[in-house]
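Report on the structure given below.
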Amino acid sequence: MSDEYFYGVTLSASHQSETWDPEAKAEYPRSNKLLIRQALLGPDAKPDELNVVQVETMSLQDAIKIPVAVLKAGETRHARLDIEFPDAPVTFTLIQGSGPVHLIGQHMLGALVEEFEDMEEMEEEMLDEEEGDDSQFKEDENKRKAAGKRKPNEDEDDEEGEPKGKKAKMSNNAKGKAASPKKNAKK
């Protein structure tokens, strides 16, 4: 199970940078993930001043620095971001403007490592049970296939639309109709 906590930071001229790194603290022995939902420009921001927030984090191969929000009083006072950071550290920096810019999101705490081990054992048990269920399914399927190999229904019609089987021939003869032409042709 994971726990969610509110995360917020304010960047301004006096506090231009903030680093999120819960792994550096012993109080977070779980896996961590940061979700930034939006960036808001504070009400006391200077008019017509661009405020640019940059994030620095690790990508798949390298460290990356990229702007994530550009805010301007009178034009854009907030930006919906929905950015997920699965790995720490993440550094937010106000690279232009004096702010204040508020970053709002959630800090997600994953399960403890011991809980993951328990989950792995449960998954293995579930897979074993599913394999047992699959063998039961295969037995049922084989029974259906065996039942499908029974003799064809004598009352069914063949491909040419003529009745098949003894019952169909008898009913034709019983109604006074002549025997099928196939028998007459053999003479």
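To be explicit about the labels: the chains of the structure tokens are called A, B, and onward in the order shown, and within each one the residues are counted from 1, while ligands get numbers from 1 in the order they are shown.
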Open item on the list: Show me, as number ranges by chain, the residues that have an atom within 8 Å of Ala69 of chain A when counting only C-alpha atoms, minus same-chain residues fewer than 6 positions from it.
Closed with: A: 39, 51-54, 79, 81
Task: Residues within 8 Å of Asn32 of chain A, only C-alpha atoms, excluding chain neighbours under 5 positions, as JSON, numbers by chain - done: {"A": [22, 23, 86, 87, 88, 107, 108, 109, 110]}
Open item on the list: Taking only C-alpha atoms into account, name the residue in A:Pro89, A:Val101, A:Glu129, A:Val9 that is nearest to Gly42 of chain A.
Closed with: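 Checking each of A:Pro89, A:Val101, A:Glu129, A:Val9 against Gly42 of chain A, counting only C-alpha atoms, the winner is A:Val101.
Nearest residue to Lys33 of chain A, choosing from A:Gly97, A:Phe85, A:Leu103, A:Gly8 and counting only C-alpha atoms: A:Phe85.
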Task: Closest of A:Met122, A:Leu11, A:Leu35, A:Ala45 to Gly105 of chain A - atom-to-atom distances counting only C-alpha atoms - done: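 Ranked by minimum distance to Gly105 of chain A, first place goes to A:Leu35.
Atom to atom, atom CA of Arg77 of chain A and atom CA of Tyr7 of chain A stand 19.4 Å apart.
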Open item on the list: Measuring between only C-alpha atoms, which one of A:Thr91, A:Ser17, A:Gln38, A:Asp82 shows the shortest distance to Met58 of chain A?
Closed with: A:Thr91
